[in-house]
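Visitor: Below is query_3.cif; it holds mmCIF, C-alpha atoms and all ligand atoms.
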```cif
data_input
loop_
_atom_site.label_atom_id
_atom_site.label_comp_id
_atom_site.auth_asym_id
_atom_site.auth_seq_id
_atom_site.Cartn_x
_atom_site.Cartn_y
_atom_site.Cartn_z
CA MET I 1 -2.16 24.36 12.90
CA LYS I 2 0.42 21.95 11.47
CA LYS I 3 0.97 21.65 7.73
CA LEU I 4 0.51 18.10 6.43
CA LEU I 5 1.68 17.38 2.90
CA ILE I 6 0.30 14.18 1.35
CA LEU I 7 2.43 13.23 -1.66
CA GLY I 8 0.33 11.08 -3.96
CA GLY I 9 -2.67 12.51 -2.11
CA LEU I 10 -5.05 11.70 -4.99
CA GLY I 11 -4.10 8.00 -5.07
CA PHE I 12 -5.75 5.05 -3.26
CA LEU I 13 -4.14 5.57 0.17
CA GLY I 14 -4.06 9.35 -0.24
CA LYS I 15 -7.84 9.53 -0.73
CA HIS I 16 -8.42 7.54 2.46
CA LEU I 17 -5.97 9.71 4.40
CA ASN I 18 -7.92 12.77 3.30
CA LYS I 19 -11.11 11.26 4.76
CA ILE I 20 -9.43 10.42 8.09
CA VAL I 21 -7.17 13.42 8.87
CA ASP I 22 -8.54 15.90 11.39
CA LYS I 23 -8.76 19.14 9.37
CA GLN I 24 -9.00 21.17 12.60
CA LYS I 25 -5.52 19.99 13.48
CA TYR I 26 -3.81 19.85 10.09
CA ALA I 27 -3.81 22.10 7.03
CA VAL I 28 -3.69 19.43 4.31
CA TYR I 29 -1.83 19.82 1.00
CA ASN I 30 -2.34 17.11 -1.65
CA GLU I 31 0.30 16.98 -4.33
CA SER I 32 1.24 14.72 -7.26
CA ARG I 33 2.03 15.09 -10.95
CA ARG I 34 -1.59 16.13 -11.47
CA THR I 35 -0.97 19.25 -9.36
CA GLY I 36 2.43 19.91 -10.99
CA PHE I 37 4.52 18.34 -8.18
CA ASP I 38 6.61 15.78 -10.06
CA LEU I 39 8.91 14.03 -7.60
CA LEU I 40 11.13 12.99 -10.50
CA ASN I 41 12.04 16.64 -11.05
CA PRO I 42 14.44 17.79 -8.28
CA GLU I 43 13.95 21.51 -9.04
CA VAL I 44 10.18 21.22 -8.73
CA VAL I 45 10.53 19.27 -5.47
CA GLN I 46 12.88 21.90 -4.01
CA LYS I 47 10.64 24.81 -5.02
CA ARG I 48 7.34 23.31 -3.87
CA LEU I 49 8.72 22.18 -0.52
CA ASN I 50 10.17 25.64 0.07
CA ASP I 51 6.76 27.15 -0.72
CA ILE I 52 4.73 24.79 1.48
CA LYS I 53 7.22 24.21 4.36
CA PRO I 54 5.36 21.16 5.68
CA ASP I 55 5.66 19.89 9.27
CA VAL I 56 4.66 16.36 8.26
CA ILE I 57 4.92 14.57 4.90
CA ILE I 58 3.04 11.34 4.26
CA ASN I 59 4.84 9.97 1.24
CA CYS I 60 2.24 7.95 -0.72
CA ALA I 61 3.79 8.82 -4.09
CA ALA I 62 4.91 5.68 -5.88
CA HIS I 63 5.02 3.92 -9.22
CA THR I 64 2.80 0.95 -8.32
CA GLY I 65 0.82 -1.75 -10.07
CA SER I 66 -0.16 -5.41 -10.03
CA LEU I 67 2.40 -8.22 -9.88
CA HIS I 68 2.26 -8.47 -13.69
CA TYR I 69 2.57 -4.71 -14.16
CA VAL I 70 5.69 -4.33 -11.98
CA SER I 71 7.38 -7.20 -13.84
CA GLU I 72 6.55 -5.78 -17.24
CA PHE I 73 7.73 -2.27 -16.37
CA ALA I 74 10.50 -3.38 -13.97
CA ALA I 75 13.18 -0.84 -14.94
CA ASP I 76 10.81 2.15 -14.77
CA VAL I 77 9.28 0.99 -11.47
CA LEU I 78 12.73 0.71 -9.88
CA TYR I 79 14.08 3.95 -11.32
CA ASP I 80 11.00 6.04 -10.49
CA ASN I 81 10.53 4.81 -6.95
CA VAL I 82 14.17 5.12 -5.91
CA SER I 83 14.50 8.54 -7.62
CA MET I 84 11.39 9.83 -5.82
CA TYR I 85 12.85 8.89 -2.40
CA LEU I 86 16.24 10.43 -3.27
CA ASN I 87 14.77 13.68 -4.57
CA LEU I 88 12.54 14.04 -1.52
CA TYR I 89 15.20 13.37 1.13
CA LYS I 90 17.71 15.59 -0.66
CA VAL I 91 15.69 18.70 0.18
CA VAL I 92 13.74 17.93 3.37
CA ASP I 93 15.40 19.00 6.57
CA ASN I 94 12.74 19.93 9.05
CA ALA I 95 9.71 17.70 8.60
CA LEU I 96 8.60 14.29 9.81
CA ILE I 97 8.31 11.86 6.86
CA VAL I 98 6.05 8.80 6.94
CA ASN I 99 6.84 6.12 4.35
CA PRO I 100 4.18 3.46 3.79
CA LEU I 101 6.35 0.56 2.58
CA SER I 102 5.02 -2.72 1.27
CA ASN I 103 5.49 -6.23 2.63
CA CYS I 104 6.73 -7.20 -0.88
CA SER I 105 10.06 -5.98 0.52
CA TYR I 106 10.29 -8.95 2.91
CA PRO I 107 12.33 -12.03 1.92
CA GLY I 108 10.37 -14.01 -0.65
CA VAL I 109 10.23 -17.27 1.30
CA VAL I 110 9.29 -16.96 4.99
CA ASP I 111 6.37 -18.27 7.06
CA ILE I 112 5.89 -15.08 9.02
CA GLN I 113 7.30 -11.64 8.26
CA LYS I 114 9.12 -10.33 11.35
CA GLU I 115 10.69 -6.86 11.36
CA GLU I 116 13.96 -8.18 12.80
CA GLU I 117 14.27 -10.62 9.85
CA TRP I 118 13.34 -8.10 7.16
CA TRP I 119 16.85 -8.18 5.63
CA ASP I 120 17.43 -11.92 6.00
CA GLY I 121 17.01 -12.93 2.35
CA PRO I 122 16.24 -11.67 -1.14
CA VAL I 123 12.76 -10.38 -2.04
CA HIS I 124 10.64 -12.66 -4.23
CA ASP I 125 11.77 -12.47 -7.86
CA SER I 126 8.22 -11.63 -9.05
CA VAL I 127 8.34 -8.28 -7.20
CA LEU I 128 12.06 -7.58 -7.43
CA PRO I 129 11.92 -3.92 -8.64
CA TYR I 130 9.07 -2.91 -6.34
CA GLY I 131 10.24 -4.75 -3.21
CA MET I 132 13.84 -3.57 -3.60
CA SER I 133 12.79 0.04 -4.17
CA LYS I 134 10.93 -0.11 -0.83
CA ARG I 135 14.05 -1.44 0.91
CA MET I 136 15.96 1.44 -0.69
CA GLY I 137 13.39 3.87 0.71
CA TYR I 138 14.30 2.64 4.17
CA ILE I 139 18.06 2.88 3.46
CA ILE I 140 17.68 6.41 2.10
CA SER I 141 15.76 7.43 5.22
CA ARG I 142 18.46 5.92 7.46
CA CYS I 143 21.18 7.80 5.56
CA HIS I 144 19.37 11.11 6.22
CA ARG I 145 19.59 10.83 9.99
CA HIS I 146 18.57 14.44 10.59
CA VAL I 147 15.12 13.74 9.08
CA ARG I 148 12.76 11.92 11.45
CA THR I 149 11.11 9.10 9.51
CA ILE I 150 8.45 6.53 10.35
CA ASN I 151 8.72 3.52 8.01
CA LEU I 152 5.62 1.33 8.03
CA LEU I 153 5.34 -2.11 6.44
CA LEU I 154 1.84 -2.68 5.05
CA PRO I 155 0.32 -5.86 3.67
CA ASN I 156 -1.70 -5.84 0.43
CA ALA I 157 -4.52 -3.33 0.68
CA TYR I 158 -8.09 -3.47 -0.60
CA GLY I 159 -11.16 -1.27 -0.33
CA PRO I 160 -13.11 1.48 -2.10
CA LEU I 161 -11.50 4.44 -3.93
CA ASP I 162 -8.85 2.42 -5.79
CA ASP I 163 -8.23 2.40 -9.57
CA THR I 164 -10.66 0.54 -11.86
CA ASP I 165 -7.96 -1.04 -14.06
CA PRO I 166 -7.37 -4.63 -12.78
CA ASN I 167 -3.80 -4.48 -14.05
CA LYS I 168 -3.01 -1.46 -11.86
CA VAL I 169 -4.57 -2.62 -8.55
CA HIS I 170 -3.63 -5.35 -6.07
CA ALA I 171 -5.15 -8.81 -6.30
CA LEU I 172 -8.26 -8.47 -4.13
CA ASN I 173 -9.67 -5.33 -5.76
CA GLY I 174 -8.51 -6.77 -9.10
CA MET I 175 -10.58 -9.93 -8.58
CA ILE I 176 -13.66 -7.89 -7.61
CA ILE I 177 -13.33 -5.75 -10.77
CA ARG I 178 -12.79 -8.76 -13.03
CA MET I 179 -15.60 -10.80 -11.45
CA ILE I 180 -18.07 -7.93 -11.94
CA HIS I 181 -17.00 -7.80 -15.63
CA THR I 182 -17.35 -11.61 -15.86
CA MET I 183 -20.94 -11.41 -14.55
CA ARG I 184 -21.85 -8.50 -16.81
CA ASN I 185 -20.44 -10.34 -19.84
CA GLY I 186 -22.55 -13.39 -18.97
CA SER I 187 -19.46 -15.63 -18.78
CA GLU I 188 -19.81 -18.89 -16.85
CA ALA I 189 -16.29 -19.05 -15.45
CA PHE I 190 -14.14 -16.62 -13.50
CA VAL I 191 -10.40 -17.07 -14.04
CA VAL I 192 -8.09 -16.56 -11.05
CA TRP I 193 -4.60 -15.44 -12.18
CA GLY I 194 -2.22 -18.14 -10.90
CA THR I 195 -2.89 -21.32 -8.88
CA GLY I 196 -4.89 -19.63 -6.11
CA LYS I 197 -2.56 -21.17 -3.52
CA PRO I 198 -0.58 -18.14 -2.28
CA ILE I 199 -1.54 -16.90 1.18
CA ARG I 200 -2.00 -13.16 1.56
CA GLU I 201 -2.73 -10.76 4.41
CA TRP I 202 -5.18 -7.98 3.47
CA ILE I 203 -5.63 -4.59 5.08
CA TYR I 204 -8.73 -2.48 4.48
CA MET I 205 -7.20 0.77 3.17
CA GLU I 206 -9.27 2.93 5.53
CA ASP I 207 -7.69 1.03 8.46
CA ALA I 208 -4.22 1.69 7.03
CA ALA I 209 -5.05 5.41 6.81
CA ARG I 210 -6.32 5.48 10.42
CA LEU I 211 -3.15 3.81 11.64
CA ILE I 212 -0.84 6.10 9.65
CA VAL I 213 -2.52 9.16 11.17
CA LYS I 214 -2.16 7.65 14.67
CA CYS I 215 1.54 6.97 13.98
CA ILE I 216 2.21 10.66 13.20
CA GLU I 217 1.23 11.46 16.76
CA ARG I 218 3.43 8.79 18.37
CA ASP I 219 7.08 8.86 19.38
CA ASN I 220 9.45 5.92 19.67
CA LEU I 221 7.75 3.50 17.29
CA PRO I 222 9.93 0.62 16.07
CA ASN I 223 11.54 1.38 12.69
CA PRO I 224 10.25 -0.25 10.57
CA LEU I 225 6.88 -1.28 12.06
CA ASN I 226 4.50 -3.85 10.57
CA LEU I 227 0.84 -2.74 10.36
CA ALA I 228 -0.13 -6.30 11.09
CA GLN I 229 -3.07 -8.58 11.76
CA ALA I 230 -1.03 -11.79 11.49
CA ARG I 231 -3.83 -13.32 9.41
CA GLY I 232 -3.45 -14.92 6.01
CA ILE I 233 -6.06 -16.11 3.52
CA SER I 234 -5.44 -17.98 0.27
CA ILE I 235 -6.17 -16.26 -3.04
CA ALA I 236 -8.58 -19.14 -3.83
CA ASP I 237 -10.55 -18.57 -0.59
CA THR I 238 -10.58 -14.84 -1.24
CA ALA I 239 -12.03 -15.47 -4.73
CA ARG I 240 -14.73 -17.72 -3.17
CA THR I 241 -15.66 -15.01 -0.64
CA ILE I 242 -15.98 -12.42 -3.41
CA LYS I 243 -18.09 -14.88 -5.43
CA GLU I 244 -20.43 -15.40 -2.45
CA ILE I 245 -20.78 -11.66 -1.76
CA LEU I 246 -21.28 -10.77 -5.44
CA GLY I 247 -23.71 -13.65 -5.96
CA PHE I 248 -21.76 -14.97 -8.97
CA GLU I 249 -23.17 -18.39 -9.85
CA GLY I 250 -20.48 -19.54 -12.31
CA ARG I 251 -17.33 -21.58 -11.70
CA ILE I 252 -13.97 -20.42 -10.45
CA ILE I 253 -11.05 -21.75 -12.49
CA PHE I 254 -7.31 -21.15 -12.16
CA ASP I 255 -4.73 -20.08 -14.75
CA PRO I 256 -1.37 -21.46 -13.54
CA SER I 257 0.40 -19.87 -16.52
CA LYS I 258 0.18 -16.55 -14.61
CA LYS I 259 2.74 -15.84 -11.85
CA ASP I 260 1.81 -16.69 -8.25
CA GLY I 261 4.33 -14.52 -6.42
CA ALA I 262 5.61 -15.35 -2.92
CA PRO I 263 3.93 -18.43 -1.39
CA ILE I 264 3.07 -16.84 2.00
CA LYS I 265 2.90 -13.20 3.08
CA ILE I 266 1.74 -12.82 6.69
CA LEU I 267 3.04 -10.04 8.95
CA CYS I 268 4.08 -10.70 12.54
CA ASP I 269 1.95 -8.52 14.87
CA LYS I 270 4.09 -8.63 18.03
CA ASN I 271 5.46 -5.07 17.77
CA PHE I 272 2.21 -3.78 16.32
CA ARG I 273 0.10 -5.09 19.22
CA HIS I 274 2.64 -3.76 21.72
CA ASN I 275 2.04 -0.27 20.30
CA PHE I 276 -1.63 -0.47 19.26
CA LYS I 277 -3.21 -2.85 21.78
CA ASP I 278 -6.84 -1.88 21.16
CA PHE I 279 -6.90 -1.21 17.43
CA VAL I 280 -9.82 -3.04 15.81
CA PHE I 281 -9.41 -3.90 12.11
CA THR I 282 -12.43 -3.86 9.77
CA ASP I 283 -13.98 -7.31 9.49
CA TYR I 284 -12.68 -8.90 6.28
CA LYS I 285 -16.10 -9.89 4.85
CA GLU I 286 -17.59 -6.51 5.76
CA GLY I 287 -14.64 -4.81 4.02
CA ILE I 288 -15.18 -6.90 0.89
CA LYS I 289 -18.94 -6.11 0.95
CA ARG I 290 -18.20 -2.36 1.02
CA THR I 291 -15.61 -2.71 -1.75
CA VAL I 292 -18.02 -4.71 -3.94
CA GLU I 293 -20.69 -2.01 -3.45
CA TYR I 294 -18.15 0.66 -4.41
CA TYR I 295 -17.11 -1.09 -7.62
CA LYS I 296 -20.70 -2.01 -8.57
CA GLY I 297 -21.47 1.72 -8.46
CA THR I 298 -18.27 2.84 -10.17
CA LEU I 299 -17.65 0.40 -13.05
N1 LIG I 301 -2.16 -0.33 -2.41
C1 LIG I 301 -1.58 -1.25 -1.65
O1 LIG I 301 -2.04 -2.41 -1.57
C2 LIG I 301 -0.34 -0.92 -0.84
C3 LIG I 301 0.13 -1.90 0.03
C4 LIG I 301 1.28 -1.64 0.75
C5 LIG I 301 1.94 -0.42 0.61
N2 LIG I 301 1.45 0.51 -0.25
C6 LIG I 301 2.22 1.76 -0.41
O2 LIG I 301 1.42 2.88 -0.14
C7 LIG I 301 1.80 3.97 -0.99
C8 LIG I 301 0.57 4.48 -1.74
O3 LIG I 301 0.03 3.42 -2.52
P1 LIG I 301 -1.33 3.61 -3.33
O4 LIG I 301 -1.97 2.27 -3.39
O5 LIG I 301 -2.11 4.77 -2.80
O6 LIG I 301 -0.76 3.96 -4.77
P2 LIG I 301 -1.50 4.72 -5.99
O7 LIG I 301 -2.97 4.68 -5.84
O8 LIG I 301 -0.88 4.20 -7.21
O9 LIG I 301 -1.04 6.23 -5.77
C9 LIG I 301 0.27 6.63 -6.03
C10 LIG I 301 0.29 8.13 -6.16
O10 LIG I 301 1.61 8.53 -6.51
C11 LIG I 301 1.54 9.61 -7.40
N3 LIG I 301 2.77 9.65 -8.19
C12 LIG I 301 3.24 8.71 -9.05
N4 LIG I 301 4.36 9.15 -9.64
C13 LIG I 301 4.61 10.38 -9.13
C14 LIG I 301 5.61 11.35 -9.36
N5 LIG I 301 6.61 11.15 -10.26
N6 LIG I 301 5.57 12.50 -8.65
C15 LIG I 301 4.57 12.74 -7.77
N7 LIG I 301 3.59 11.87 -7.52
C16 LIG I 301 3.60 10.70 -8.20
C17 LIG I 301 0.29 9.34 -8.26
O11 LIG I 301 -0.33 10.51 -8.70
P3 LIG I 301 -0.06 11.16 -10.15
O12 LIG I 301 -0.28 10.08 -11.16
O13 LIG I 301 -1.01 12.32 -10.24
O14 LIG I 301 1.35 11.64 -10.11
C18 LIG I 301 -0.63 8.68 -7.22
O15 LIG I 301 -1.45 9.67 -6.61
C19 LIG I 301 2.90 3.42 -1.92
O16 LIG I 301 4.16 3.76 -1.40
C20 LIG I 301 2.72 1.92 -1.84
O17 LIG I 301 3.91 1.24 -2.03
C21 LIG I 301 0.32 0.30 -0.97
#
```
Any chance you could give the structure as structure tokens?
Guide:
Amino acid sequence: MKKLLILGGLGFLGKHLNKIVDKQKYAVYNESRRTGFDLLNPEVVQKRLNDIKPDVIINCAAHTGSLHYVSEFAADVLYDNVSMYLNLYKVVDNALIVNPLSNCSYPGVVDIQKEEEWWDGPVHDSVLPYGMSKRMGYIISRCHRHVRTINLLLPNAYGPLDDTDPNKVHALNGMIIRMIHTMRNGSEAFVVWGTGKPIREWIYMEDAARLIVKCIERDNLPNPLNLAQARGISIADTARTIKEILGFEGRIIFDPSKKDGAPIKILCDKNFRHNFKDFVFTDYKEGIKRTVEYYKGTL
């Protein structure tokens, strides 16, 4: 049986990975600060990796948050994320590492995010610390050539099992949480943060987990690889879909004083489809229905 270490295993992606991984095939270890495995402490990282001796590490540990959160805590987000990659690669020598990177690391202004153009421009200013730390994760992996790494570029994720603080989660789950609060407070209007115009691609987190587990078992994947549907939806349309599914009867209004972020974030799926021809993504409305049910039962 192989040993699979999930760093950040109790986070949003980590919880979904735990549901998907075949426990007959992998002995799973979930670690994070809550279990005493602080990736910011090099001695702890060295000791725990020596104890576990994993064959595969899925590195979900990250200092994450909403667009507004990563701007407010920019210096800490950059320092923590880059330090975590450095401390991990410093001591790993005989394990496969999978890094789920974010499409915030693409140039801020492009129509379609192609892997071969990933470096062709600066990341959007609104996600500078987060996007650049993900690019650094890739650089750090390339500099440790003896460690096999799969770098995956994910779009914004949504789905059950995420945080309940709208300031810590990405926009889709954040809008579901805030719209449920709006309804419970009896307010007549739901406020979308920003103009509603940005176009975003959304991945149901369970799909991301399924794909990551498939990737572990594949050789010769492009590095990095987009986990892509090549499908974008505006924030305004997403808010309308949530409104319809939740049955909210009030108005949707926009607060342009809040940052929009990059205008368009859609991943090119050419390489993805070449490698995963038959993968079927969860239907977007069905995914939102399941997420709404989750938050209605959790909040
Ligand atoms: N969510 C998305 O929409 C999305 C989209 C694209 C890519 N990704 C990427 O996927 C990965 C996982 O994201 P997620 O949404 O699952 O994030 P998350 O829910 O915030 O989970 C992050 C995990 O990292 C752990 N962590 C934070 N600081 C740590 C430290 N110093 N040492 C050890 N563990 C630490 C946290 O646990 P403790 O607090 O217990 O330490 C938590 O379990 C990240 O690399 C993220 O960039 C996510």
Visitor: Excluding same-chain residues fewer than 2 positions from segment 205-210 of chain I, what lies within 7 Å of it counting all atoms listed in the file, as a list in words?
Guide: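 Surrounding residues, per the criterion: Leu13, His16, Leu17, Ile20, Ala157, Tyr158, Gly159, Ile203, Ile212, Val213, Lys214, Phe281 and Thr282 of chain I.
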Visitor: Check which residues fall inside 6 Å of ligand LIG 301 (chain I) when counting all atoms listed in the file, and print them as a list in words.
Guide: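 Using all atoms listed in the file, I find these residues within 6 Å of ligand LIG 301 (chain I): Gly8, Gly9, Leu10, Gly11, Phe12, Leu13, Gly14, Ser32, Arg33, Arg34, Phe37, Asp38, Leu39, Leu40, Cys60, Ala61, Ala62, His63, Thr64, Pro100, Leu101, Ser102, Leu154, Pro155, Asn156, Ala157 and His170 of chain I.
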Visitor: I'd like to know which of I:Arg290, I:Arg178, I:Arg231, I:Arg184 is closest to Thr164 of chain I, using only C-alpha atoms.
Guide: I:Arg178
Visitor: Calculate how many Å separate atom CA of Glu217 of chain I from atom CA of Cys143 of chain I, rounding to one decimal.
Guide: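 That distance, rounded to one decimal, is 23.2 Å.
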Visitor: Near segment 240-245 of chain I, counting only C-alpha atoms, which residues have an atom at most 8 Å away, once you skip same-chain residues fewer than 5 positions from it, shown as a PDB file with C-alpha atoms, in the coordinates of the input?
Guide:
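Resulting contents of result_4.pdb:
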```pdb
ATOM      1  CA  MET I 175     -10.580  -9.930  -8.580  1.00  0.00           C
ATOM      2  CA  ILE I 176     -13.660  -7.890  -7.610  1.00  0.00           C
ATOM      3  CA  MET I 179     -15.600 -10.800 -11.450  1.00  0.00           C
ATOM      4  CA  ILE I 252     -13.970 -20.420 -10.450  1.00  0.00           C
ATOM      5  CA  LYS I 285     -16.100  -9.890   4.850  1.00  0.00           C
ATOM      6  CA  ILE I 288     -15.180  -6.900   0.890  1.00  0.00           C
ATOM      7  CA  LYS I 289     -18.940  -6.110   0.950  1.00  0.00           C
ATOM      8  CA  VAL I 292     -18.020  -4.710  -3.940  1.00  0.00           C
TER       9      VAL I 292
END
```
Visitor: Please report the interatomic distance between atom CA of Ser133 of chain I and atom CA of Asn99 of chain I in Å with one decimal.
Guide: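 Computing the Euclidean distance for atom CA of Ser133 of chain I and atom CA of Asn99 of chain I yields 12.0 Å.
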Visitor: Using only C-alpha atoms, can you tell me which of I:Arg273, I:His144, I:Lys259, I:Lys15 comes closest to Tyr85 of chain I?
Guide: I:His144
Visitor: For the atom pair atom CA of Arg135 of chain I and atom CA of Ser105 of chain I, what is the interatomic distance in Å to one decimal place?
Guide: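 One can read the atom CA of Arg135 of chain I to atom CA of Ser105 of chain I distance as 6.1 Å.
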Visitor: So that I can see what lies close to Gln46 of chain I, please list as a list in words the residues with an atom at most 12 Å from it, counting only C-alpha atoms and leaving out residues fewer than 6 positions away in the same chain.
Guide: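 Residues near the query, excluding close chain neighbours: Phe37, Asp38, Leu39, Leu40, Ile52, Lys53, Leu86, Asn87, Leu88, Tyr89, Lys90, Val91, Val92 and Asp93 of chain I.
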Visitor: Which of these residues is nearest to Ala239 of chain I, using only C-alpha atoms: I:Leu161, I:Ile266, I:Ile177, I:Val123?
Guide: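 Checking each of I:Leu161, I:Ile266, I:Ile177, I:Val123 against Ala239 of chain I, counting only C-alpha atoms, the winner is I:Ile177.
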Visitor: Which is closest to Val191 of chain I among I:Leu225, I:Leu4, I:Val45, I:Ile235, if we use only C-alpha atoms?
Guide: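 Looking only at the distances to Val191 of chain I, the closest residue turns out to be I:Ile235.
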Visitor: Kindly provide, as a JSON list (two decimals) with C-alpha atoms, in the frame of the given file, the polymer residues lying within 12 Å of (5.1, -19.9, -14.3), counting all atoms listed in the file and using the coordinates exactly as they appear in the file.
Guide:
```json
[["chain", "number", "residue", "atom", "x", "y", "z"],
["I", 68, "HIS", "CA", 2.26, -8.47, -13.69],
["I", 125, "ASP", "CA", 11.77, -12.47, -7.86],
["I", 126, "SER", "CA", 8.22, -11.63, -9.05],
["I", 193, "TRP", "CA", -4.60, -15.44, -12.18],
["I", 194, "GLY", "CA", -2.22, -18.14, -10.90],
["I", 195, "THR", "CA", -2.89, -21.32, -8.88],
["I", 255, "ASP", "CA", -4.73, -20.08, -14.75],
["I", 256, "PRO", "CA", -1.37, -21.46, -13.54],
["I", 257, "SER", "CA", 0.40, -19.87, -16.52],
["I", 258, "LYS", "CA", 0.18, -16.55, -14.61],
["I", 259, "LYS", "CA", 2.74, -15.84, -11.85],
["I", 260, "ASP", "CA", 1.81, -16.69, -8.25],
["I", 261, "GLY", "CA", 4.33, -14.52, -6.42]]
```
